[in-house]
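Asker: Take a look at this one; I'll ask things after.
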Amino acid sequence: MVGDKARGEMNAFQRNESKETLFTFISAGDDPPKGDFPLQKKSPKLCGSNYPLSIAFIVVNEFCERFSYYGMRAVLTLYFLSFFHWDENLSTAVYHAFSALCYFTPVIGAIMADSWLGKYKTIIYLSIVYVVGHLIKSVGAIPSLGNQAVHVVLSMVGLFLIALGTGGIKPCVSAFGGDQFEEEHTSERSKFFSIFYLSINAGSLISTFVTPVLRGDVKCFGEDCYALAFGVPAALMVLALVVFIAGSGLYRKTPPQGNVLLEVCKCIGFAIKNRLKNRSREIPKRDHWLDWASEKYSKQLIGEVKMVTRVLFLFIPLPMFWALFDQQGSRWTLQATKMNADFSLNSHSFVLQFLNPLLILVFIPIFDFGLYPLINMCKLNFTPIRKMATGMILAGLAFGLAAVIEVKINETDMPRLVPKESLIRVLNLAKNPVQVAIQDKDLFQQPVESFQNPAEYSKLILNGEQQSLHFTLQHQGLTLAFNYTVKEKSVYSLIVFEAEGSLSSRLITDLEAKPENGLAAVRFINALSQDVNLTIDGKSFIAVQKNYSASEYSLLERDIYNNGKCITETGEFPLELGLLDFGASYTVVITNISGGALETWKSEDIKANNVHMAWQLPQYLLISAGEVMFSITGLAFSYSQSPASMKSVLQAGWLLTVAVGNTFVLIVAEAAPMAQWAEFVLFTVLLFAVCIIFSIMGYFYVSVDPEDLEEKEEKRETSSRGNMIGLVTQKTKL
């Protein structure tokens, strides 16, 4: 989260230092630059302080915008999974494609602001695009509006516009806030960025807690209300735009002054092109490959680009950290849906994503005022490179813990079936034990007792996509035979029961995997001689025919269901099911009506999620601590190593590392699908390997002070000019 939130600090540094570039060096005898410079009006102050009133509108705008973005993103993966019914890999791939696009588009916003529209108009126009994207996304989540193709198209168009809007304004808003301060109020400007940073965290913290609750606890159109979960962030973005426009008359608006990023790219491109043209051995070599741009660009620009490329080279390993970090909203969210979220009975919508912004707010003062000073007191040289490497290690350990938890979760999962495999079990609803045999299959060695809790499923190996199997039942000295056709990759229950004084059986299909999103599944078998109509929670109505007919599975929220009803020809009876737990599947057999009461027998087909969601807390602690050490330190380090005029270039480079990291997750999810625990281990190993490479690169990196280099360059140029003036003077005397 700091990867986005602390990026605002980068703009803060940029605006604090960019004033140095507003003045042009004028040597003796030079004429001052000509042209009209716009006079910036002074904004009214807040309560007699030096804080412009205009920053209040900017801070509120940022709070609403971050609420809008993180609130929408908090439920995005679950939306793909449960609303579109996509599998986990596709849901993860689209989520990270969207996240990557959000960090590619800041380049577009920076170019628009610096070269064409200016920051104010860029924020206005792209915020409108942002709002339109949210509205389209919300409309696309209305179930009654068209078929799934319509929902997918509307959602993808909405996400594209949201990515363009949020990414485009990202490099502009904080810098625009810095523009509101007069140059002599640098300390107030610095405090403003702390408040700005706080508004980002507050917006993300509240939204990542509220929108999952809106999605799960509020029902609309008969299911989870994604339209509302997306609609509330849309309303917040409309409010953000209205608040920002309301302060228009108070803002200091600087005109576009040219795009440094484009100049840097042109300089690098020309140097490469010129070097390729001059590959002859007769041409003298130059000290640095960027020196090949000296025919077109100034030595000052080339020198600054050299400083920037040294830092950008260190950025090369960094995307791997973001590849792990941004999976909090995809793989870790999916992991949470397979866990026990019993923080309260009605806690199905509870997720731990809100912990990250909360922990960031806690960790930053602890690290800045506690941990780092303590390390300095111990006289340990904890350099920025070492802090960032430590952050990588912590993120890797977090994913190691995620892998361990995933292995424990898989213990209650259904086995993964391959072609020519199926699963089967026996439910004996007769009064006496039954011996079951399948021709040519060595299964069910022991008799199945009456109403015995079913054992684990047994694996059937078939000779093709489907096979007709011969079943033999032995019951009280009698032998009965049945034939059933079994298909591959399917799960079955063989129900054995007594009908009209003789033994009979029925093969029914079971669930092949756990219910999604922590829901519970339940079906009913009616052993009565009359049809029944069931109500479970006052909303679900299930009709089950007589004589051991089976209903379809019904998906329910985790809860205790003791207020159901069973309506038969002879009357109405209370139906008590007890607890239907997270991720479990149940079969409830209605066995008899005795003494005015309904008798039932419940079996657990698929075990409930038995790993509590609280076990995710350590991995959130580790990755949040790693984020503070990696992201904030990386931004401060890269800022300190770049000249004042190149802050925006490094801002773009830093954001692109986030985009590349998300793109890498997209590739892994789609190109190399594997067991989830194995994928976590893969990312852990890759990050540790990248950490070693980064540490080696950092060991050979020599820190520089760009201001010292600039002063030396200025002294050298001044000395050169002085010698030239002296020579001209002597010649005149002669």
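Chain labels follow the order of the structure tokens: the first chain is A, the next B, and so on; residue numbering restarts at 1 in every chain, and ligands are counted from 1 in their shown order.
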Please list as a list in words every residue within 8 Å of stretch 689-703 of chain A, counting only C-alpha atoms and excluding residues in the same chain fewer than 2 positions away.

Answerer: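 Returned residues: Leu314, Pro317, Met320, Ile385, Arg386, Ala389, Met392, Ile393, Gln641, Val685, Leu686, Leu687 and Asp705 of chain A.
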
Asker: When you look at A:Met339 with a cut-off of 7 Å (counting only C-alpha atoms), what residues show up, excluding the ones that are within fewer than 4 positions of it in the same chain? I need them as a VMD selection string.

Answerer: chain A and resid 335 609 to 613

Asker: Let me see the file: selected residues, N, CA and C atoms, as a CSV table (one decimal), in the first residue's frame.

Answerer:
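Below you can see out.csv, which holds the result:
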```
chain,number,residue,atom,x,y,z
A,335,GLN,N,-7.3,-17.1,-0.8
A,335,GLN,CA,-6.9,-18.0,0.3
A,335,GLN,C,-7.8,-17.8,1.5
A,609,ASN,N,-14.0,-25.7,6.5
A,609,ASN,CA,-12.7,-25.1,6.6
A,609,ASN,C,-12.2,-25.1,8.1
A,610,ASN,N,-11.1,-25.7,8.4
A,610,ASN,CA,-10.7,-25.8,9.8
A,610,ASN,C,-9.5,-24.9,10.1
A,611,VAL,N,-8.9,-24.2,9.1
A,611,VAL,CA,-7.8,-23.3,9.4
A,611,VAL,C,-8.4,-21.9,9.6
A,612,HIS,N,-8.2,-21.3,10.7
A,612,HIS,CA,-8.8,-20.0,11.0
A,612,HIS,C,-8.1,-18.9,10.3
A,613,MET,N,-8.9,-17.9,9.8
A,613,MET,CA,-8.4,-16.8,9.1
A,613,MET,C,-7.4,-16.0,9.9
```

Asker: Going by DSSP on the backbone, which bits of stretch 356-503 of chain A are alpha helix (DSSP H)? Write them as a VMD selection string, please.

Answerer: chain A and resid 356 to 366 372 to 377 384 to 410

Asker: Would you list, as a PyMOL selection string, the residues of stretch 439-680 of chain A that end up in strand (DSSP E) under DSSP run on this structure's backbone?

Answerer: chain A and resi 458-461+466-475+478-487+491-499+502-509+520-526+532-535+541-544+549-550+554-556+559-561+564-568+571-575+578-580+585-594+597-606

Asker: Find the residues near A:Leu81: any atom within 9 Å, counting only C-alpha atoms, skip ones fewer than 2 places away on the same chain, and give them as a PyMOL selection string.

Answerer: chain A and resi 76-79+83-88+90-91+334+516-517

Asker: Pick from A:Leu443, A:Asn533, A:Trp654, A:Gly583: nearest to A:Gly564, with only C-alpha atoms counted?

Answerer: A:Asn533

Asker: If you count only C-alpha atoms, which residues fall within 8 Å of stretch 460-464 of chain A, apart from same-chain ones fewer than 2 positions away, as a VMD selection string?

Answerer: chain A and resid 420 to 424 441 458 466 to 467 488

Asker: Write out, as a PDB file, in the first residue's frame, the residues just selected, with all heavy atoms.

Answerer:
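Saved the output as again-v1.pdb:
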```
ATOM      1  N   LYS A 420     -10.041 -40.213 -16.406  1.00  0.00           N
ATOM      2  CA  LYS A 420     -10.257 -41.626 -16.085  1.00  0.00           C
ATOM      3  C   LYS A 420     -10.254 -41.892 -14.582  1.00  0.00           C
ATOM      4  O   LYS A 420      -9.950 -42.995 -14.140  1.00  0.00           O
ATOM      5  CB  LYS A 420      -9.224 -42.525 -16.780  1.00  0.00           C
ATOM      6  CG  LYS A 420      -9.273 -42.467 -18.302  1.00  0.00           C
ATOM      7  CD  LYS A 420      -8.279 -43.443 -18.924  1.00  0.00           C
ATOM      8  CE  LYS A 420      -8.333 -43.373 -20.448  1.00  0.00           C
ATOM      9  NZ  LYS A 420      -7.388 -44.322 -21.074  1.00  0.00           N
ATOM     10  N   GLU A 421     -10.568 -40.863 -13.800  1.00  0.00           N
ATOM     11  CA  GLU A 421     -10.688 -41.027 -12.351  1.00  0.00           C
ATOM     12  C   GLU A 421     -12.027 -40.467 -11.877  1.00  0.00           C
ATOM     13  O   GLU A 421     -12.509 -39.461 -12.394  1.00  0.00           O
ATOM     14  CB  GLU A 421      -9.568 -40.297 -11.609  1.00  0.00           C
ATOM     15  CG  GLU A 421      -8.269 -41.066 -11.522  1.00  0.00           C
ATOM     16  CD  GLU A 421      -7.274 -40.369 -10.608  1.00  0.00           C
ATOM     17  OE1 GLU A 421      -7.629 -39.311 -10.033  1.00  0.00           O
ATOM     18  OE2 GLU A 421      -6.149 -40.885 -10.480  1.00  0.00           O
ATOM     19  N   SER A 422     -12.612 -41.115 -10.884  1.00  0.00           N
ATOM     20  CA  SER A 422     -13.811 -40.632 -10.210  1.00  0.00           C
ATOM     21  C   SER A 422     -13.732 -41.024  -8.740  1.00  0.00           C
ATOM     22  O   SER A 422     -12.872 -41.827  -8.342  1.00  0.00           O
ATOM     23  CB  SER A 422     -15.079 -41.220 -10.842  1.00  0.00           C
ATOM     24  OG  SER A 422     -15.295 -40.680 -12.125  1.00  0.00           O
ATOM     25  N   LEU A 423     -14.628 -40.440  -7.944  1.00  0.00           N
ATOM     26  CA  LEU A 423     -14.693 -40.746  -6.515  1.00  0.00           C
ATOM     27  C   LEU A 423     -16.081 -41.276  -6.180  1.00  0.00           C
ATOM     28  O   LEU A 423     -17.086 -40.855  -6.774  1.00  0.00           O
ATOM     29  CB  LEU A 423     -14.405 -39.494  -5.677  1.00  0.00           C
ATOM     30  CG  LEU A 423     -13.016 -38.863  -5.826  1.00  0.00           C
ATOM     31  CD1 LEU A 423     -12.933 -37.586  -5.006  1.00  0.00           C
ATOM     32  CD2 LEU A 423     -11.923 -39.833  -5.409  1.00  0.00           C
ATOM     33  N   ILE A 424     -16.132 -42.196  -5.192  1.00  0.00           N
ATOM     34  CA  ILE A 424     -17.412 -42.776  -4.794  1.00  0.00           C
ATOM     35  C   ILE A 424     -17.382 -43.110  -3.308  1.00  0.00           C
ATOM     36  O   ILE A 424     -16.327 -43.385  -2.724  1.00  0.00           O
ATOM     37  CB  ILE A 424     -17.735 -44.047  -5.630  1.00  0.00           C
ATOM     38  CG1 ILE A 424     -19.183 -44.480  -5.410  1.00  0.00           C
ATOM     39  CG2 ILE A 424     -16.761 -45.168  -5.307  1.00  0.00           C
ATOM     40  CD1 ILE A 424     -19.643 -45.548  -6.372  1.00  0.00           C
ATOM     41  N   LYS A 441     -13.013 -54.066  -8.989  1.00  0.00           N
ATOM     42  CA  LYS A 441     -12.506 -52.969  -8.170  1.00  0.00           C
ATOM     43  C   LYS A 441     -12.348 -53.469  -6.735  1.00  0.00           C
ATOM     44  O   LYS A 441     -13.252 -54.085  -6.180  1.00  0.00           O
ATOM     45  CB  LYS A 441     -13.458 -51.767  -8.188  1.00  0.00           C
ATOM     46  CG  LYS A 441     -13.869 -51.302  -9.579  1.00  0.00           C
ATOM     47  CD  LYS A 441     -12.701 -50.773 -10.395  1.00  0.00           C
ATOM     48  CE  LYS A 441     -13.177 -50.302 -11.768  1.00  0.00           C
ATOM     49  NZ  LYS A 441     -12.061 -49.910 -12.633  1.00  0.00           N
ATOM     50  N   SER A 458     -13.646 -43.042  -2.007  1.00  0.00           N
ATOM     51  CA  SER A 458     -12.735 -44.020  -2.610  1.00  0.00           C
ATOM     52  C   SER A 458     -12.558 -43.686  -4.087  1.00  0.00           C
ATOM     53  O   SER A 458     -13.498 -43.245  -4.760  1.00  0.00           O
ATOM     54  CB  SER A 458     -13.294 -45.444  -2.462  1.00  0.00           C
ATOM     55  OG  SER A 458     -13.453 -45.774  -1.099  1.00  0.00           O
ATOM     56  N   GLN A 466     -16.139 -42.670 -19.647  1.00  0.00           N
ATOM     57  CA  GLN A 466     -17.200 -43.201 -18.810  1.00  0.00           C
ATOM     58  C   GLN A 466     -17.193 -44.724 -18.904  1.00  0.00           C
ATOM     59  O   GLN A 466     -16.674 -45.295 -19.861  1.00  0.00           O
ATOM     60  CB  GLN A 466     -18.558 -42.638 -19.221  1.00  0.00           C
ATOM     61  CG  GLN A 466     -19.009 -43.004 -20.613  1.00  0.00           C
ATOM     62  CD  GLN A 466     -20.369 -42.405 -20.927  1.00  0.00           C
ATOM     63  OE1 GLN A 466     -20.739 -41.357 -20.408  1.00  0.00           O
ATOM     64  NE2 GLN A 466     -21.119 -43.067 -21.775  1.00  0.00           N
ATOM     65  N   GLN A 467     -17.755 -45.361 -17.890  1.00  0.00           N
ATOM     66  CA  GLN A 467     -17.735 -46.824 -17.838  1.00  0.00           C
ATOM     67  C   GLN A 467     -18.955 -47.324 -17.073  1.00  0.00           C
ATOM     68  O   GLN A 467     -19.361 -46.729 -16.063  1.00  0.00           O
ATOM     69  CB  GLN A 467     -16.455 -47.318 -17.151  1.00  0.00           C
ATOM     70  CG  GLN A 467     -16.316 -48.827 -17.094  1.00  0.00           C
ATOM     71  CD  GLN A 467     -15.029 -49.266 -16.404  1.00  0.00           C
ATOM     72  OE1 GLN A 467     -14.170 -48.448 -16.104  1.00  0.00           O
ATOM     73  NE2 GLN A 467     -14.909 -50.560 -16.153  1.00  0.00           N
ATOM     74  N   GLU A 488     -15.910 -39.884 -15.830  1.00  0.00           N
ATOM     75  CA  GLU A 488     -14.630 -39.464 -15.254  1.00  0.00           C
ATOM     76  C   GLU A 488     -14.758 -38.069 -14.624  1.00  0.00           C
ATOM     77  O   GLU A 488     -15.652 -37.296 -14.953  1.00  0.00           O
ATOM     78  CB  GLU A 488     -13.530 -39.454 -16.325  1.00  0.00           C
ATOM     79  CG  GLU A 488     -13.736 -38.413 -17.422  1.00  0.00           C
ATOM     80  CD  GLU A 488     -12.608 -38.379 -18.437  1.00  0.00           C
ATOM     81  OE1 GLU A 488     -11.681 -39.192 -18.322  1.00  0.00           O
ATOM     82  OE2 GLU A 488     -12.665 -37.534 -19.340  1.00  0.00           O
TER      83      GLU A 488
END
```

Asker: Do you know which residues are at most 10 Å from A:Tyr51 counting only C-alpha atoms, after dropping those on the same chain fewer than 6 positions away, and could you put them as a list in words?

Answerer: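 That gives Ser43, Pro44, Lys45, Gln180, Phe181, Glu182, His185, Glu188, Arg189, Lys191 and Phe192 of chain A.
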
Asker: Excluding same-chain residues fewer than 5 positions from stretch 292-309 of chain A, what lies within 7 Å of it counting only C-alpha atoms, as JSON, numbers by chain?

Answerer: {"A": [264, 267, 270, 271, 274, 275, 642, 643]}

Asker: Provide the atom CA of A:Phe573 to atom CA of A:Leu556 distance in Å, to one decimal place.

Answerer: 21.1 Å

Asker: To one decimal in Å, tell me the separation between atom CA of A:Asp326 and atom CA of A:Arg310.

Answerer: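 So the two atoms, atom CA of A:Asp326 and atom CA of A:Arg310, lie 26.3 Å apart.
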
Asker: One number please: atom CA of A:Val238 to atom CA of A:Leu655, in Å, one decimal.

Answerer: 25.5 Å
